[in-house]
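Below you'll find the structure, written out as structure tokens, and then a few comments.
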Amino acid sequence: MAQPPEQDALLRVLSRPATMLELKDSEWDALLPRARVGRLLGRLAAQANAGDLMDRLPQATQHQFRAAMAVATHHANLVRWEVNRIERALAPLALPILLLKGAAYVAAELPPATGRLVDDVDIMVPRSSLGAVQAALHESGWQPVKRDPYVQHYYSTWMHELPPLRHRDRGTVVDVHHTILPLTARLDPDPDELWAAAQPLGIGRQY
């Protein structure tokens with residue numbers, strides 16, 4: 001099945017940012033809403049900045065890109081603060097904490113973090129510590145989003161993480177993993193390899 005023209009354009013500029021300079025106003029009108037829905041507007045803006053393209057784009061596109069970068073920067077700051085809060089909540093347990101996904105990109109200042117929107121913080125802890133971690137986070141204000149006993153049992157028996165925990169005041173969400181794929185998955189990656197490759201960051205101590 002053929003892709004819609006605006007989707008083709010989005011894929012093209014993501015893979016070859018310089019082609020942004022070739023787009024007509026009508027193509028931008030179709031592409032920008034799709035990028036926003038796909039949460040890729042900040043990524044496109046970052047690519048435009050990196051390629052020194054921003055000032056050569058239509059004014060309306062520049063305005064949207066700069067706004068998207070401001071939102072992404074705000075998200076990154078919120079992630080850093082939330083990691084700090086999580087670290088403080090779990091400090092009494094004296095156990096290792098591994099950041100995953102978007103929070104890891106932000107904390108390590110890796111290229112995929114630029115322009116990225118991050119809605120929650122994913123961490124990994126030893127499976128044997130899940131109960132203590134959940135209790136410590138609950139003590140600091142994070143509560144289960146899904147409280148049904150069946151759901152709780154399902155997660156603890158079959159899943160790779162606890163049910164999401166949302167902070168009662170900030171509304172922020174933390175996902176606590178003990179591995180990266182459900183226990184029922186065909187693939188069974190060894191979490192010990194992630195721990196072995198982890199790099200210390202100390203991000204929370206910046207605040």
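We label chains A, B, ... in the order they appear in the structure tokens, count residues from 1 in each chain, and number ligands from 1 in the order shown.
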Based on the backbone DSSP call, show me all residues of range 42-203 of chain A assigned helix (DSSP H, G or I), as a PyMOL selection string. chain A and resi 42-50+54-56+59-93+101-108+111-113+127-139+149-158+191-197+203
Would you mind listing what lies within 12 Å of Thr61 in chain A as a ChimeraX atom specification, with only C-alpha atoms counted and same-chain residues fewer than 3 positions away left out? /A:20-21,23-33,35,41-42,44-45,48,53-58,64-68
Please write the residues from the selection above to a file, keeping N, CA and C atoms, as a JSON list (two decimals), in the first residue's frame.
```
[["chain", "number", "residue", "atom", "x", "y", "z"],
["A", 20, "MET", "N", 14.76, 19.35, 3.38],
["A", 20, "MET", "CA", 13.81, 20.35, 3.87],
["A", 20, "MET", "C", 13.82, 21.59, 2.98],
["A", 21, "LEU", "N", 14.98, 21.91, 2.44],
["A", 21, "LEU", "CA", 15.11, 23.11, 1.62],
["A", 21, "LEU", "C", 14.35, 23.00, 0.31],
["A", 23, "LEU", "N", 11.25, 21.65, 0.04],
["A", 23, "LEU", "CA", 9.80, 21.57, 0.25],
["A", 23, "LEU", "C", 9.11, 22.89, -0.08],
["A", 24, "LYS", "N", 7.95, 22.77, -0.68],
["A", 24, "LYS", "CA", 7.11, 23.93, -0.96],
["A", 24, "LYS", "C", 6.23, 24.20, 0.26],
["A", 25, "ASP", "N", 5.62, 25.39, 0.30],
["A", 25, "ASP", "CA", 4.76, 25.75, 1.42],
["A", 25, "ASP", "C", 3.63, 24.74, 1.60],
["A", 26, "SER", "N", 3.06, 24.29, 0.50],
["A", 26, "SER", "CA", 1.96, 23.32, 0.60],
["A", 26, "SER", "C", 2.44, 22.00, 1.20],
["A", 27, "GLU", "N", 3.68, 21.63, 0.92],
["A", 27, "GLU", "CA", 4.22, 20.39, 1.49],
["A", 27, "GLU", "C", 4.48, 20.56, 2.98],
["A", 28, "TRP", "N", 4.95, 21.74, 3.39],
["A", 28, "TRP", "CA", 5.12, 21.99, 4.82],
["A", 28, "TRP", "C", 3.77, 21.95, 5.53],
["A", 29, "ASP", "N", 2.74, 22.49, 4.89],
["A", 29, "ASP", "CA", 1.41, 22.50, 5.50],
["A", 29, "ASP", "C", 0.91, 21.09, 5.79],
["A", 30, "ALA", "N", 1.30, 20.14, 4.96],
["A", 30, "ALA", "CA", 0.90, 18.75, 5.17],
["A", 30, "ALA", "C", 1.84, 18.02, 6.13],
["A", 31, "LEU", "N", 3.13, 18.36, 6.05],
["A", 31, "LEU", "CA", 4.14, 17.62, 6.82],
["A", 31, "LEU", "C", 4.15, 17.99, 8.29],
["A", 32, "LEU", "N", 4.05, 19.27, 8.61],
["A", 32, "LEU", "CA", 4.19, 19.70, 10.00],
["A", 32, "LEU", "C", 3.12, 19.11, 10.93],
["A", 33, "PRO", "N", 1.84, 19.08, 10.54],
["A", 33, "PRO", "CA", 0.86, 18.43, 11.43],
["A", 33, "PRO", "C", 1.16, 16.95, 11.65],
["A", 35, "ALA", "N", 4.12, 15.54, 11.57],
["A", 35, "ALA", "CA", 5.27, 15.47, 12.46],
["A", 35, "ALA", "C", 4.86, 15.72, 13.90],
["A", 41, "LEU", "N", 8.29, 16.68, 15.72],
["A", 41, "LEU", "CA", 8.55, 18.06, 15.34],
["A", 41, "LEU", "C", 9.86, 18.56, 15.95],
["A", 42, "GLY", "N", 10.09, 18.23, 17.21],
["A", 42, "GLY", "CA", 11.33, 18.62, 17.85],
["A", 42, "GLY", "C", 12.54, 17.96, 17.21],
["A", 44, "LEU", "N", 12.81, 17.08, 14.03],
["A", 44, "LEU", "CA", 13.07, 17.79, 12.78],
["A", 44, "LEU", "C", 13.76, 19.12, 13.06],
["A", 45, "ALA", "N", 13.31, 19.81, 14.11],
["A", 45, "ALA", "CA", 13.92, 21.09, 14.46],
["A", 45, "ALA", "C", 15.39, 20.89, 14.83],
["A", 48, "ALA", "N", 17.33, 20.42, 11.73],
["A", 48, "ALA", "CA", 17.50, 21.68, 11.00],
["A", 48, "ALA", "C", 18.60, 22.52, 11.64],
["A", 53, "LEU", "N", 20.25, 24.67, 8.74],
["A", 53, "LEU", "CA", 19.17, 24.87, 7.77],
["A", 53, "LEU", "C", 18.11, 25.85, 8.28],
["A", 54, "MET", "N", 18.08, 26.07, 9.59],
["A", 54, "MET", "CA", 16.95, 26.76, 10.19],
["A", 54, "MET", "C", 16.65, 28.10, 9.52],
["A", 55, "ASP", "N", 17.67, 28.93, 9.37],
["A", 55, "ASP", "CA", 17.44, 30.27, 8.84],
["A", 55, "ASP", "C", 17.07, 30.28, 7.36],
["A", 56, "ARG", "N", 17.15, 29.13, 6.72],
["A", 56, "ARG", "CA", 16.83, 29.06, 5.29],
["A", 56, "ARG", "C", 15.45, 28.46, 5.05],
["A", 57, "LEU", "N", 14.74, 28.18, 6.13],
["A", 57, "LEU", "CA", 13.41, 27.59, 6.01],
["A", 57, "LEU", "C", 12.35, 28.69, 6.05],
["A", 58, "PRO", "N", 11.12, 28.40, 5.61],
["A", 58, "PRO", "CA", 10.04, 29.40, 5.68],
["A", 58, "PRO", "C", 9.86, 29.89, 7.11],
["A", 64, "GLN", "N", 7.53, 27.29, 14.24],
["A", 64, "GLN", "CA", 7.07, 26.02, 14.80],
["A", 64, "GLN", "C", 8.25, 25.19, 15.32],
["A", 65, "PHE", "N", 9.34, 25.21, 14.57],
["A", 65, "PHE", "CA", 10.52, 24.44, 14.99],
["A", 65, "PHE", "C", 11.10, 25.00, 16.29],
["A", 66, "ARG", "N", 11.18, 26.31, 16.40],
["A", 66, "ARG", "CA", 11.76, 26.89, 17.61],
["A", 66, "ARG", "C", 10.85, 26.64, 18.81],
["A", 67, "ALA", "N", 9.55, 26.68, 18.60],
["A", 67, "ALA", "CA", 8.63, 26.36, 19.68],
["A", 67, "ALA", "C", 8.77, 24.90, 20.10],
["A", 68, "ALA", "N", 8.93, 24.02, 19.12],
["A", 68, "ALA", "CA", 9.08, 22.59, 19.41],
["A", 68, "ALA", "C", 10.36, 22.34, 20.20]]
```
Please provide the set of residues having any atom within 8 Å of Ala113 in chain A, restricted to only C-alpha atoms, with same-chain residues fewer than 5 positions apart removed, written as a ChimeraX atom specification. /A:102,105-106
Would you list the contacts of Leu181 in chain A as an MDAnalysis selection string, taking every protein, DNA or RNA residue within 12 Å and counting only C-alpha atoms, but skipping same-chain residues closer than 6 positions in sequence? chainID A and resid 124 158:161 187:191
12 Å contact set for Pro111 in chain A, only C-alpha atoms, chain neighbours under 2 positions out, as a list in words: Arg43, Ala46, Gln47, Ala50, Gly102, Ala104, Tyr105, Val106, Ala107, Ala108, Glu109, Ala113, Thr114, Gly115 and Arg116 of chain A
Identify which of the residues A:Glu193, A:Gly141, A:Gly171, A:Val121 lies closest to Ala76 in chain A, counting only C-alpha atoms when measuring atom-to-atom distances.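 The shortest atom-to-atom distance to Ala76 in chain A comes from A:Val121.
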If you run DSSP on this backbone, which residues of range 14-156 of chain A come out as strand (DSSP E or B), and could you give them as a list in words?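 Selecting the strand (DSSP E or B) positions of range 14-156 of chain A gives Leu98, Leu99, Leu100, Asp120, Val121, Asp122, Ile123, Met124, Trp142, Gln143 and Pro144 of chain A.
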Cut-off 12 Å: closest range 58-106 of chain A/range 142-154 of chain A atom pairs per residue, using only C-alpha atoms, as a Markdown table:
```
| residue | atom | partner | partner_atom | distance |
| --- | --- | --- | --- | --- |
| A:Glu82 | CA | A:Trp142 | CA | 11.5 |
| A:Arg85 | CA | A:Trp142 | CA | 10.6 |
| A:Ile86 | CA | A:Trp142 | CA | 9.6 |
| A:Ala89 | CA | A:Trp142 | CA | 9.9 |
| A:Leu90 | CA | A:Trp142 | CA | 11.9 |
```
Write out, as a short mmCIF file (atom, residue, chain, number, x, y, z; two decimals), in the first residue's frame, the residues just selected, with N, CA and C atoms.
```
data_model
loop_
_atom_site.label_atom_id
_atom_site.label_comp_id
_atom_site.auth_asym_id
_atom_site.auth_seq_id
_atom_site.Cartn_x
_atom_site.Cartn_y
_atom_site.Cartn_z
N GLU A 82 12.93 14.82 37.62
CA GLU A 82 12.24 13.62 38.07
C GLU A 82 13.23 12.52 38.42
N ARG A 85 14.39 13.20 41.82
CA ARG A 85 13.42 12.81 42.85
C ARG A 85 13.41 11.29 43.06
N ILE A 86 13.51 10.55 41.96
CA ILE A 86 13.53 9.09 42.07
C ILE A 86 14.78 8.63 42.80
N ALA A 89 14.38 9.26 46.45
CA ALA A 89 13.42 8.35 47.07
C ALA A 89 14.03 6.97 47.32
N LEU A 90 14.91 6.55 46.40
CA LEU A 90 15.47 5.20 46.50
C LEU A 90 16.83 5.16 47.18
#
```
With only C-alpha atoms as the basis for distance, which of A:Leu117, A:Met69, A:Val173, A:Leu95 is at the shortest distance from Val133 in chain A?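 Comparing A:Leu117, A:Met69, A:Val173, A:Leu95 against Val133 in chain A, the winner is A:Leu95.
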